[in-house]
file entry24.cif (mmCIF, C-alpha atoms)
data_my_file
loop_
_atom_site.label_atom_id
_atom_site.label_comp_id
_atom_site.auth_asym_id
_atom_site.auth_seq_id
_atom_site.Cartn_x
_atom_site.Cartn_y
_atom_site.Cartn_z
CA MET S 11 -41.33 12.63 -7.56
CA GLY S 12 -38.08 14.44 -8.32
CA ARG S 13 -37.33 14.91 -4.63
CA TRP S 14 -37.99 11.24 -3.93
CA ALA S 15 -35.67 10.21 -6.78
CA LEU S 16 -32.90 12.42 -5.39
CA ASP S 17 -33.32 10.90 -1.93
CA VAL S 18 -33.14 7.39 -3.35
CA ALA S 19 -30.03 8.27 -5.36
CA PHE S 20 -28.37 9.77 -2.28
CA VAL S 21 -29.16 6.73 -0.13
CA TRP S 22 -27.92 4.38 -2.84
CA LYS S 23 -24.66 6.30 -3.19
CA ALA S 24 -24.18 6.31 0.60
CA VAL S 25 -24.80 2.55 0.79
CA LEU S 26 -22.44 1.94 -2.14
CA THR S 27 -19.71 4.05 -0.57
CA LEU S 28 -20.10 2.32 2.78
CA GLY S 29 -19.95 -1.08 1.12
CA LEU S 30 -16.79 -0.20 -0.81
CA VAL S 31 -15.13 1.22 2.31
CA LEU S 32 -15.96 -1.95 4.25
CA LEU S 33 -14.58 -4.06 1.39
CA TYR S 34 -11.37 -2.01 1.47
CA TYR S 35 -11.17 -2.41 5.26
CA CYS S 36 -11.61 -6.17 5.00
CA PHE S 37 -8.69 -6.55 2.61
CA SER S 38 -6.41 -3.89 4.13
CA ILE S 39 -6.85 -4.77 7.80
CA GLY S 40 -7.25 -8.44 6.94
CA ILE S 41 -3.89 -8.77 5.19
CA THR S 42 -2.10 -6.97 8.04
CA PHE S 43 -3.40 -9.37 10.68
CA TYR S 44 -3.14 -12.34 8.33
CA ASN S 45 0.55 -11.73 7.60
CA LYS S 46 1.27 -11.23 11.30
CA TRP S 47 -0.55 -14.48 12.12
CA LEU S 48 1.18 -16.40 9.35
CA THR S 49 4.70 -15.27 10.30
CA LYS S 50 4.20 -16.69 13.79
CA SER S 51 4.35 -20.21 12.35
CA PHE S 52 6.00 -19.61 8.97
CA HIS S 53 9.26 -17.72 9.53
CA PHE S 54 10.05 -16.95 5.90
CA PRO S 55 8.44 -13.56 5.19
CA LEU S 56 10.49 -12.88 2.06
CA PHE S 57 9.43 -16.16 0.47
CA MET S 58 5.86 -15.36 1.51
CA THR S 59 6.12 -11.96 -0.20
CA MET S 60 7.53 -13.49 -3.38
CA LEU S 61 4.67 -15.95 -3.56
CA HIS S 62 2.23 -13.05 -3.07
CA LEU S 63 3.87 -11.28 -6.02
CA ALA S 64 3.42 -14.38 -8.18
CA VAL S 65 -0.27 -14.58 -7.25
CA ILE S 66 -0.81 -10.87 -7.98
CA PHE S 67 0.88 -11.31 -11.37
CA LEU S 68 -1.34 -14.30 -12.13
CA PHE S 69 -4.55 -12.45 -11.28
CA SER S 70 -3.39 -9.30 -13.10
CA ALA S 71 -2.65 -11.31 -16.24
CA LEU S 72 -6.03 -13.02 -15.97
CA SER S 73 -7.80 -9.67 -15.53
CA ARG S 74 -6.00 -8.21 -18.56
CA ALA S 75 -6.99 -11.22 -20.65
CA LEU S 76 -10.64 -10.94 -19.63
CA VAL S 77 -10.74 -7.21 -20.38
CA GLN S 78 -9.04 -7.74 -23.72
CA CYS S 79 -11.52 -10.46 -24.70
CA SER S 80 -14.52 -8.34 -23.73
CA SER S 81 -13.32 -5.08 -25.28
CA HIS S 82 -11.37 -6.58 -28.23
CA ARG S 83 -8.63 -4.05 -27.57
CA ALA S 84 -5.01 -5.08 -27.03
CA ARG S 85 -3.51 -4.24 -23.64
CA VAL S 86 -0.27 -2.30 -23.40
CA VAL S 87 2.97 -4.28 -23.44
CA LEU S 88 6.17 -2.30 -22.84
CA SER S 89 9.35 -2.77 -24.79
CA TRP S 90 12.34 -4.21 -22.94
CA THR S 91 14.08 -0.84 -23.05
CA ASP S 92 11.21 1.03 -21.37
CA TYR S 93 10.59 -1.89 -19.04
CA LEU S 94 14.11 -2.00 -17.65
CA ARG S 95 14.87 1.72 -17.70
CA ARG S 96 11.59 3.16 -16.44
CA VAL S 97 9.74 0.43 -14.58
CA ALA S 98 12.66 -1.34 -12.87
CA PRO S 99 13.47 1.44 -10.32
CA THR S 100 9.84 1.62 -9.18
CA ALA S 101 9.59 -2.17 -9.01
CA LEU S 102 12.76 -2.50 -6.94
CA ALA S 103 11.68 0.18 -4.45
CA THR S 104 8.22 -1.38 -4.15
CA ALA S 105 9.68 -4.86 -3.61
CA LEU S 106 11.96 -3.66 -0.81
CA ASP S 107 9.15 -1.68 0.81
CA VAL S 108 6.77 -4.64 0.87
CA GLY S 109 9.45 -7.20 1.70
CA LEU S 110 10.90 -5.30 4.66
CA SER S 111 7.39 -4.53 5.93
CA ASN S 112 6.46 -8.22 5.99
CA TRP S 113 9.86 -9.10 7.45
CA SER S 114 9.25 -6.78 10.39
CA PHE S 115 6.25 -8.88 11.46
CA LEU S 116 8.70 -11.42 12.86
CA TYR S 117 9.75 -8.95 15.55
CA ILE S 118 7.17 -6.25 16.22
CA THR S 119 3.52 -5.92 17.09
CA VAL S 120 0.79 -4.90 14.67
CA SER S 121 0.30 -1.63 16.58
CA LEU S 122 3.97 -0.61 16.31
CA TYR S 123 4.00 -1.66 12.66
CA THR S 124 0.89 0.40 11.90
CA MET S 125 2.22 3.49 13.63
CA THR S 126 5.69 3.30 12.10
CA LYS S 127 4.36 2.73 8.58
CA SER S 128 2.38 5.94 8.98
CA SER S 129 5.73 7.74 9.07
CA ALA S 130 6.12 6.95 5.36
CA VAL S 131 4.39 10.28 4.79
CA LEU S 132 7.51 12.01 6.15
CA PHE S 133 9.81 10.32 3.67
CA ILE S 134 7.41 10.86 0.79
CA LEU S 135 7.42 14.54 1.64
CA ILE S 136 11.21 14.63 1.81
CA PHE S 137 11.64 12.98 -1.57
CA SER S 138 8.88 15.07 -3.14
CA LEU S 139 10.85 18.15 -2.06
CA ILE S 140 14.10 16.68 -3.41
CA PHE S 141 12.49 15.91 -6.78
CA LYS S 142 10.72 19.30 -6.69
CA LEU S 143 7.28 17.72 -6.81
CA GLU S 144 6.29 19.79 -3.79
CA GLU S 145 7.12 23.33 -2.64
CA LEU S 146 8.36 23.91 0.90
CA ARG S 147 5.68 25.73 2.91
CA ALA S 148 5.07 26.45 6.57
CA ALA S 149 2.11 24.08 6.58
CA LEU S 150 4.35 21.22 5.45
CA VAL S 151 6.80 21.94 8.24
CA LEU S 152 3.91 21.69 10.71
CA VAL S 153 2.84 18.39 9.18
CA VAL S 154 6.39 17.03 9.54
CA LEU S 155 6.61 18.11 13.18
CA LEU S 156 3.24 16.57 14.04
CA ILE S 157 4.02 13.23 12.43
CA ALA S 158 7.59 13.04 13.74
CA GLY S 159 6.49 14.04 17.23
CA GLY S 160 3.69 11.51 17.15
CA LEU S 161 6.05 8.72 16.09
CA PHE S 162 8.45 9.58 18.93
CA MET S 163 5.67 9.59 21.51
CA PHE S 164 4.27 6.28 20.29
CA THR S 165 7.63 4.48 20.51
CA TYR S 166 8.83 6.20 23.71
CA LYS S 167 9.11 3.68 26.58
CA SER S 168 7.02 1.16 24.65
CA THR S 169 7.01 -2.15 26.56
CA GLN S 170 6.80 -4.16 23.32
CA PHE S 171 9.45 -2.22 21.40
CA ASN S 172 11.92 -4.22 19.29
CA VAL S 173 14.87 -2.43 17.72
CA GLU S 174 15.38 -4.89 14.85
CA GLY S 175 11.73 -4.91 13.83
CA PHE S 176 11.44 -1.14 14.20
CA ALA S 177 14.53 -0.66 12.01
CA LEU S 178 13.04 -2.93 9.33
CA VAL S 179 9.68 -1.17 9.16
CA LEU S 180 11.30 2.27 9.38
CA GLY S 181 13.58 1.28 6.51
CA ALA S 182 10.49 0.15 4.60
CA SER S 183 8.89 3.54 5.23
CA PHE S 184 12.02 5.31 3.99
CA ILE S 185 12.09 3.21 0.82
CA GLY S 186 8.33 3.78 0.57
CA GLY S 187 9.05 7.47 0.14
CA ILE S 188 11.18 6.64 -2.90
CA ARG S 189 8.56 4.15 -4.06
CA TRP S 190 5.63 6.56 -4.17
CA THR S 191 7.72 9.30 -5.76
CA LEU S 192 8.88 6.98 -8.53
CA THR S 193 5.34 5.64 -8.92
CA GLN S 194 3.94 9.08 -9.62
CA MET S 195 6.75 9.87 -12.02
CA LEU S 196 6.07 6.56 -13.79
CA LEU S 197 2.33 7.19 -14.11
CA GLN S 198 2.86 10.71 -15.41
CA LYS S 199 4.65 9.28 -18.46
CA ALA S 200 1.51 9.00 -20.58
CA GLU S 201 3.43 7.49 -23.48
CA LEU S 202 3.98 4.30 -21.45
CA GLY S 203 0.23 3.66 -21.20
CA LEU S 204 0.34 2.40 -17.60
CA GLN S 205 -2.49 4.53 -16.28
CA ASN S 206 -4.63 1.45 -15.62
CA PRO S 207 -3.72 -0.09 -12.22
CA ILE S 208 -4.07 -3.66 -13.52
CA ASP S 209 -1.55 -2.96 -16.31
CA THR S 210 0.83 -1.39 -13.83
CA MET S 211 0.64 -4.29 -11.38
CA PHE S 212 1.12 -6.72 -14.27
CA HIS S 213 4.37 -5.03 -15.30
CA LEU S 214 5.69 -4.44 -11.77
CA GLN S 215 5.38 -7.93 -10.28
CA PRO S 216 8.05 -9.82 -12.32
CA LEU S 217 10.72 -7.20 -11.61
CA MET S 218 9.64 -7.03 -7.97
CA PHE S 219 10.06 -10.80 -7.74
CA LEU S 220 13.54 -10.66 -9.27
CA GLY S 221 14.52 -7.69 -7.12
CA LEU S 222 13.53 -9.47 -3.91
CA PHE S 223 15.09 -12.80 -4.85
CA PRO S 224 18.73 -11.97 -3.88
CA LEU S 225 17.59 -10.84 -0.43
CA PHE S 226 15.57 -14.02 -0.07
CA ALA S 227 18.49 -16.21 -1.21
CA ILE S 228 20.87 -14.64 1.32
CA PHE S 229 18.65 -14.60 4.40
CA GLU S 230 16.12 -17.39 3.85
CA GLY S 231 17.27 -19.63 1.00
CA LEU S 232 19.32 -22.14 3.00
CA HIS S 233 16.88 -22.31 5.92
CA LEU S 234 13.88 -22.75 3.60
CA SER S 235 15.62 -25.49 1.61
CA THR S 236 16.05 -27.52 4.80
CA SER S 237 12.61 -26.73 6.22
CA GLU S 238 10.17 -29.61 6.53
CA LYS S 239 7.33 -27.19 5.77
CA ILE S 240 8.30 -26.78 2.11
CA PHE S 241 11.14 -28.60 0.35
CA ARG S 242 11.85 -31.38 2.88
CA PHE S 243 8.24 -31.99 3.74
CA GLN S 244 7.18 -35.30 5.18
CA ASP S 245 3.50 -34.57 5.57
CA THR S 246 1.73 -33.76 2.29
CA GLY S 247 -1.24 -32.38 4.17
CA LEU S 248 1.00 -29.90 6.03
CA LEU S 249 2.61 -28.81 2.74
CA LEU S 250 -0.76 -28.18 1.12
CA ARG S 251 -1.96 -26.20 4.14
CA VAL S 252 1.16 -24.02 4.08
CA LEU S 253 0.91 -23.39 0.34
CA GLY S 254 -2.81 -22.73 0.65
CA SER S 255 -2.17 -20.21 3.44
CA LEU S 256 0.45 -18.42 1.33
CA PHE S 257 -1.83 -18.42 -1.71
CA LEU S 258 -4.66 -16.93 0.35
CA GLY S 259 -2.34 -14.10 1.39
CA GLY S 260 -1.66 -13.40 -2.28
CA ILE S 261 -5.40 -13.23 -2.97
CA LEU S 262 -5.78 -10.73 -0.11
CA ALA S 263 -2.90 -8.67 -1.54
CA PHE S 264 -4.51 -8.52 -4.99
CA GLY S 265 -7.90 -7.82 -3.44
CA LEU S 266 -6.43 -4.89 -1.52
CA GLY S 267 -5.21 -3.18 -4.68
CA PHE S 268 -8.44 -3.93 -6.52
CA SER S 269 -10.67 -2.70 -3.64
CA GLU S 270 -8.71 0.56 -3.51
CA PHE S 271 -9.24 0.97 -7.25
CA LEU S 272 -12.99 0.38 -6.88
CA LEU S 273 -13.26 2.82 -3.99
CA VAL S 274 -11.44 5.61 -5.81
CA SER S 275 -13.15 5.07 -9.17
CA ARG S 276 -16.67 4.82 -7.71
CA THR S 277 -16.34 7.59 -5.10
CA SER S 278 -13.21 9.71 -4.84
CA SER S 279 -9.62 9.41 -3.74
CA LEU S 280 -10.42 11.80 -0.88
CA THR S 281 -12.80 9.12 0.38
CA LEU S 282 -9.89 6.68 0.33
CA SER S 283 -7.74 9.18 2.24
CA ILE S 284 -10.30 9.61 5.01
CA ALA S 285 -11.07 5.90 5.09
CA GLY S 286 -7.34 5.18 5.39
CA ILE S 287 -7.04 7.41 8.45
CA PHE S 288 -9.91 5.67 10.24
CA LYS S 289 -8.50 2.32 9.12
CA GLU S 290 -5.35 3.00 11.16
CA VAL S 291 -7.50 3.64 14.24
CA CYS S 292 -9.45 0.42 13.66
CA THR S 293 -6.22 -1.53 13.23
CA LEU S 294 -4.82 -0.30 16.54
CA LEU S 295 -8.06 -1.01 18.38
CA LEU S 296 -8.22 -4.52 16.97
CA ALA S 297 -4.55 -5.12 17.76
CA ALA S 298 -5.09 -4.10 21.36
CA HIS S 299 -8.27 -6.18 21.70
CA LEU S 300 -7.43 -9.30 19.70
CA LEU S 301 -3.65 -9.58 20.02
CA GLY S 302 -3.17 -7.98 23.41
CA ASP S 303 -0.84 -5.24 22.15
CA GLN S 304 0.04 -2.97 25.05
CA ILE S 305 -0.61 0.68 24.17
CA SER S 306 -0.13 3.31 26.88
CA LEU S 307 -1.88 6.66 27.10
CA LEU S 308 1.29 8.36 25.84
CA ASN S 309 1.35 6.00 22.86
CA TRP S 310 -2.28 6.81 22.05
CA LEU S 311 -1.52 10.54 22.25
CA GLY S 312 1.40 10.06 19.89
CA PHE S 313 -0.79 8.17 17.46
CA ALA S 314 -3.42 10.92 17.61
CA LEU S 315 -0.72 13.52 16.97
CA CYS S 316 0.56 11.61 13.95
CA LEU S 317 -2.93 11.20 12.50
CA SER S 318 -3.61 14.90 13.01
CA GLY S 319 -0.57 15.69 10.88
CA ILE S 320 -1.72 13.34 8.13
CA SER S 321 -5.27 14.68 8.32
CA LEU S 322 -4.02 18.25 8.14
CA HIS S 323 -2.11 17.54 4.99
CA VAL S 324 -5.06 15.73 3.41
CA ALA S 325 -7.29 18.72 4.16
CA LEU S 326 -4.76 21.24 2.86
CA LYS S 327 -4.25 19.31 -0.36
CA ALA S 328 -7.98 18.88 -0.86
CA LEU S 329 -8.48 22.63 -0.57
CA HIS S 330 -5.49 23.27 -2.81
CA SER S 331 -6.86 20.90 -5.46
CA ARG S 332 -10.23 22.66 -5.45
CA GLY S 333 -8.52 26.01 -5.73
CA ASP S 334 -6.53 24.84 -8.73
CA ALA S 335 -9.64 23.45 -10.38
CA GLY S 336 -11.31 26.86 -10.41
CA PRO S 337 -14.58 26.96 -12.34
CA LYS S 338 -13.80 23.71 -14.18
CA PRO S 339 -16.45 21.03 -13.84
CA SER S 340 -15.75 18.10 -11.55
CA LYS S 341 -14.37 14.96 -13.11
CA GLY S 342 -15.96 12.75 -10.48
CA LEU S 343 -12.72 12.14 -8.61
CA GLY S 344 -11.55 13.99 -5.55
CA SER S 345 -8.09 14.75 -4.29
CA PRO S 346 -5.50 11.97 -4.09
CA PRO S 347 -4.93 9.60 -1.17
CA ALA S 348 -2.94 10.70 1.86
CA GLN S 349 0.44 9.39 0.79
CA GLU S 350 0.06 10.29 -2.87
CA LEU S 351 -1.23 13.74 -1.93
CA LEU S 352 2.28 14.61 -0.84
CA LEU S 353 3.51 14.13 -4.38
CA ARG S 354 1.22 16.57 -6.15
CA SER S 355 2.84 19.59 -7.75
CA GLY S 356 0.03 21.42 -9.49
CA GLN S 357 0.01 19.26 -12.61
CA PRO S 358 -2.43 20.11 -15.38
CA GLU S 359 -5.93 18.75 -14.95
CA GLU S 360 -5.50 16.11 -17.62
CA ASP S 361 -2.91 14.45 -15.39
CA ASP S 362 -5.27 14.14 -12.41
CA ASN S 363 -6.32 10.57 -13.12
CA GLU S 364 -2.71 9.47 -13.42
CA GLU S 365 -1.83 11.01 -10.05
CA GLU S 366 -4.91 9.69 -8.31
CA GLU S 367 -3.96 6.13 -9.26
CA ALA S 368 -0.43 6.49 -7.85
CA TYR S 369 -1.51 5.24 -4.45
CA PHE S 370 -3.04 1.90 -5.26
CA VAL S 371 -1.37 0.69 -8.46
CA ALA S 372 1.82 -0.28 -6.64
CA GLN S 373 0.16 -1.14 -3.39
CA GLY S 374 -0.24 -4.86 -3.67
CA GLN S 375 0.53 -5.58 -0.01
CA GLN S 376 0.74 -3.73 3.24
#
call {"tool": "encode", "arguments": {"input": "entry24.cif", "output": "structure tokens"}}
result
Amino acid sequence: MGRWALDVAFVWKAVLTLGLVLLYYCFSIGITFYNKWLTKSFHFPLFMTMLHLAVIFLFSALSRALVQCSSHRARVVLSWTDYLRRVAPTALATALDVGLSNWSFLYITVSLYTMTKSSAVLFILIFSLIFKLEELRAALVLVVLLIAGGLFMFTYKSTQFNVEGFALVLGASFIGGIRWTLTQMLLQKAELGLQNPIDTMFHLQPLMFLGLFPLFAIFEGLHLSTSEKIFRFQDTGLLLRVLGSLFLGGILAFGLGFSEFLLVSRTSSLTLSIAGIFKEVCTLLLAAHLLGDQISLLNWLGFALCLSGISLHVALKALHSRGDAGPKPSKGLGSPPAQELLLRSGQPEEDDNEEEEAYFVAQGQQ
């Protein structure tokens, strides 16, 4: 009877994990292809991103209200001083990361976008070394060489290479390094009370919106104000379809962050790391099959080299985390996701939950 119960529990956990991974894949891969599809007909990616931020804020506020009503406990609300001094830098970096990423879809393929965004690990590592969140080791040098070499091989003689789009997504990856570093530093400030991802997203979105607005006003404001798809619309049905499409993207963006939270909280952040690596492979395969992205053998080898560097670092950090844990009992959460793993610095065990949430609380969009 005991053996049968263990088998049932194992099967149930496996099914639950698979279901959560598939849910994460649906939102993560879905929003990538959805944004690429939408920018083909709607050439205002910054406005699209700002509307996504508004939707995420709306759903975050609704989630906070529901939790507060059910638990009868007030949610954290930061003072203006803490909000502007401590949250604003993270919000600005996140806004630029997401905005430039979506902007790049106007020029580059999904495959080149996916590969170049993987290079964010390099910049996260660089900034983690600058802020002394990580110690320089030979293994990290190997990780850097693998990822950098893989990125070079993937973009070398690519028939669908676009300099402007590549510069945008590479800039987003660079800012992403600052983003994730600031995110971890923000979450490690326990006195702020932003350990819950919903609370963090709620506080980030308004400042992200304001931070992205000047860029939108300069590059898209005039064109959008004269566009018949929004402000000078003549067909109400077309306007409603456009707004509905943008709103759906915001739902996908919120769902992505929430699915990551479910996956990490119900399984482990190591599961999210491994799932993220295979997600990149699935994205490239779908891009080649559905969108006709041209990927040469050299490009595939470069992608494999880059993923091997990311996988190596995930494995090293997982082993390092277990070594630090020693004989302490497991808390039910594994090592952090691939990008956030680069930011660990041997914090005390009570900070583990804060670090493990650093990946998905500011995620929002991809």
call {"tool": "closest_atom_pairs", "arguments": {"input": "entry24.cif", "of": "range 32-134 of chain S", "to": "range 240-256 of chain S", "cutoff": "10 Å", "atoms": "all atoms listed in the file", "output": "CSV"}}
result
residue,atom,partner,partner_atom,distance
S:Tyr44,CA,S:Ser255,CA,9.3
S:Asn45,CA,S:Leu256,CA,9.2
S:Leu48,CA,S:Ser255,CA,7.8
S:Ser51,CA,S:Val252,CA,9.6
S:Phe52,CA,S:Val252,CA,8.2
S:Phe57,CA,S:Leu256,CA,9.3
S:Met58,CA,S:Leu256,CA,6.2
S:Thr59,CA,S:Leu256,CA,8.7
S:Met60,CA,S:Leu256,CA,9.8
S:Leu61,CA,S:Leu256,CA,6.9
S:His62,CA,S:Leu256,CA,7.2
S:Val65,CA,S:Leu256,CA,9.4
call {"tool": "write_last_selection", "arguments": {"input": "entry24.cif", "atoms": "C-alpha atoms", "output": "mmCIF file, in the coordinates of the input"}}
result
data_model
loop_
_atom_site.group_PDB
_atom_site.id
_atom_site.type_symbol
_atom_site.label_atom_id
_atom_site.label_comp_id
_atom_site.auth_asym_id
_atom_site.auth_seq_id
_atom_site.Cartn_x
_atom_site.Cartn_y
_atom_site.Cartn_z
ATOM 1 C CA TYR S 44 -3.140 -12.340 8.330
ATOM 2 C CA ASN S 45 0.550 -11.730 7.600
ATOM 3 C CA LEU S 48 1.180 -16.400 9.350
ATOM 4 C CA SER S 51 4.350 -20.210 12.350
ATOM 5 C CA PHE S 52 6.000 -19.610 8.970
ATOM 6 C CA PHE S 57 9.430 -16.160 0.470
ATOM 7 C CA MET S 58 5.860 -15.360 1.510
ATOM 8 C CA THR S 59 6.120 -11.960 -0.200
ATOM 9 C CA MET S 60 7.530 -13.490 -3.380
ATOM 10 C CA LEU S 61 4.670 -15.950 -3.560
ATOM 11 C CA HIS S 62 2.230 -13.050 -3.070
ATOM 12 C CA VAL S 65 -0.270 -14.580 -7.250
#
call {"tool": "closest_residue", "arguments": {"input": "entry24.cif", "among": "S:Thr191, S:Thr27, S:Thr49, S:Ser73", "to": "Pro99 in chain S", "atoms": "only C-alpha atoms"}}
result
S:Thr191
call {"tool": "resolve_selection", "arguments": {"input": "entry24.cif", "expression": "the PyMOL selection byres ((chain S and resi 112) around 9)", "output": "CSV table (one decimal) with C-alpha atoms, in the frame of the given file"}}
result
chain,number,residue,atom,x,y,z
S,42,THR,CA,-2.1,-7.0,8.0
S,45,ASN,CA,0.6,-11.7,7.6
S,46,LYS,CA,1.3,-11.2,11.3
S,49,THR,CA,4.7,-15.3,10.3
S,55,PRO,CA,8.4,-13.6,5.2
S,56,LEU,CA,10.5,-12.9,2.1
S,58,MET,CA,5.9,-15.4,1.5
S,59,THR,CA,6.1,-12.0,-0.2
S,107,ASP,CA,9.2,-1.7,0.8
S,108,VAL,CA,6.8,-4.6,0.9
S,109,GLY,CA,9.4,-7.2,1.7
S,110,LEU,CA,10.9,-5.3,4.7
S,111,SER,CA,7.4,-4.5,5.9
S,113,TRP,CA,9.9,-9.1,7.4
S,114,SER,CA,9.2,-6.8,10.4
S,115,PHE,CA,6.2,-8.9,11.5
S,116,LEU,CA,8.7,-11.4,12.9
S,179,VAL,CA,9.7,-1.2,9.2
S,375,GLN,CA,0.5,-5.6,0.0
S,376,GLN,CA,0.7,-3.7,3.2
call {"tool": "atom_distance", "arguments": {"input": "entry24.cif", "atom1": "CA of Phe226 in chain S", "atom2": "CA of Ile118 in chain S"}}
result
19.9 Å
call {"tool": "closest_residue", "arguments": {"input": "entry24.cif", "among": "S:Ile320, S:Ile284, S:Phe171, S:Lys199", "to": "Leu135 in chain S", "atoms": "only C-alpha atoms"}}
result
S:Ile320
call {"tool": "atom_distance", "arguments": {"input": "entry24.cif", "atom1": "CA of Val120 in chain S", "atom2": "CA of Glu174 in chain S"}}
result
14.6 Å
call {"tool": "residues_around", "arguments": {"input": "entry24.cif", "residues": "Ala227 in chain S", "least_positions_apart": "5", "cutoff": "12 Å", "atoms": "only C-alpha atoms", "output": "list in words"}}
result
Phe54, Leu56, Phe57, Met60, Phe219, Leu220, Gly221, Leu222, Leu232, His233, Leu234 and Ser235 of chain S
call {"tool": "closest_residue", "arguments": {"input": "entry24.cif", "among": "S:Phe137, S:Phe268, S:Ala158, S:Ser80", "to": "Gln194 in chain S", "atoms": "all atoms listed in the file"}}
result
S:Phe137
call {"tool": "residues_around", "arguments": {"input": "entry24.cif", "residues": "Leu63 in chain S", "least_positions_apart": "4", "cutoff": "8 Å", "atoms": "all atoms listed in the file", "output": "VMD selection string"}}
result
chain S and resid 59 67 215 to 216 218 to 219 260 374
call {"tool": "atom_distance", "arguments": {"input": "entry24.cif", "atom1": "CA of Phe257 in chain S", "atom2": "CA of Tyr123 in chain S"}}
result
22.8 Å
call {"tool": "closest_residue", "arguments": {"input": "entry24.cif", "among": "S:Leu202, S:Leu307, S:Leu329, S:Leu315", "to": "Leu152 in chain S", "atoms": "all atoms listed in the file"}}
result
S:Leu315
call {"tool": "closest_residue", "arguments": {"input": "entry24.cif", "among": "S:Ala130, S:Ala84, S:Leu150, S:Leu28", "to": "His323 in chain S", "atoms": "only C-alpha atoms"}}
result
S:Leu150
call {"tool": "closest_residue", "arguments": {"input": "entry24.cif", "among": "S:Arg85, S:Lys239, S:Arg74, S:His299", "to": "His53 in chain S", "atoms": "only C-alpha atoms"}}
result
S:Lys239
call {"tool": "resolve_selection", "arguments": {"input": "entry24.cif", "expression": "the PyMOL selection byres ((chain S and resi 183) around 10)", "output": "CSV table (one decimal) with C-alpha atoms, in the frame of the given file"}}
result
chain,number,residue,atom,x,y,z
S,106,LEU,CA,12.0,-3.7,-0.8
S,107,ASP,CA,9.2,-1.7,0.8
S,108,VAL,CA,6.8,-4.6,0.9
S,110,LEU,CA,10.9,-5.3,4.7
S,111,SER,CA,7.4,-4.5,5.9
S,126,THR,CA,5.7,3.3,12.1
S,127,LYS,CA,4.4,2.7,8.6
S,128,SER,CA,2.4,5.9,9.0
S,129,SER,CA,5.7,7.7,9.1
S,130,ALA,CA,6.1,7.0,5.4
S,131,VAL,CA,4.4,10.3,4.8
S,132,LEU,CA,7.5,12.0,6.2
S,133,PHE,CA,9.8,10.3,3.7
S,134,ILE,CA,7.4,10.9,0.8
S,177,ALA,CA,14.5,-0.7,12.0
S,178,LEU,CA,13.0,-2.9,9.3
S,179,VAL,CA,9.7,-1.2,9.2
S,180,LEU,CA,11.3,2.3,9.4
S,181,GLY,CA,13.6,1.3,6.5
S,182,ALA,CA,10.5,0.2,4.6
S,184,PHE,CA,12.0,5.3,4.0
S,185,ILE,CA,12.1,3.2,0.8
S,186,GLY,CA,8.3,3.8,0.6
S,187,GLY,CA,9.0,7.5,0.1
S,188,ILE,CA,11.2,6.6,-2.9
S,189,ARG,CA,8.6,4.2,-4.1
call {"tool": "resolve_selection", "arguments": {"input": "entry24.cif", "expression": "the PyMOL selection byres ((chain S and resi 163) around 8)", "output": "ChimeraX atom specification"}}
result
/S:159-162,164-166,308-309,311-313
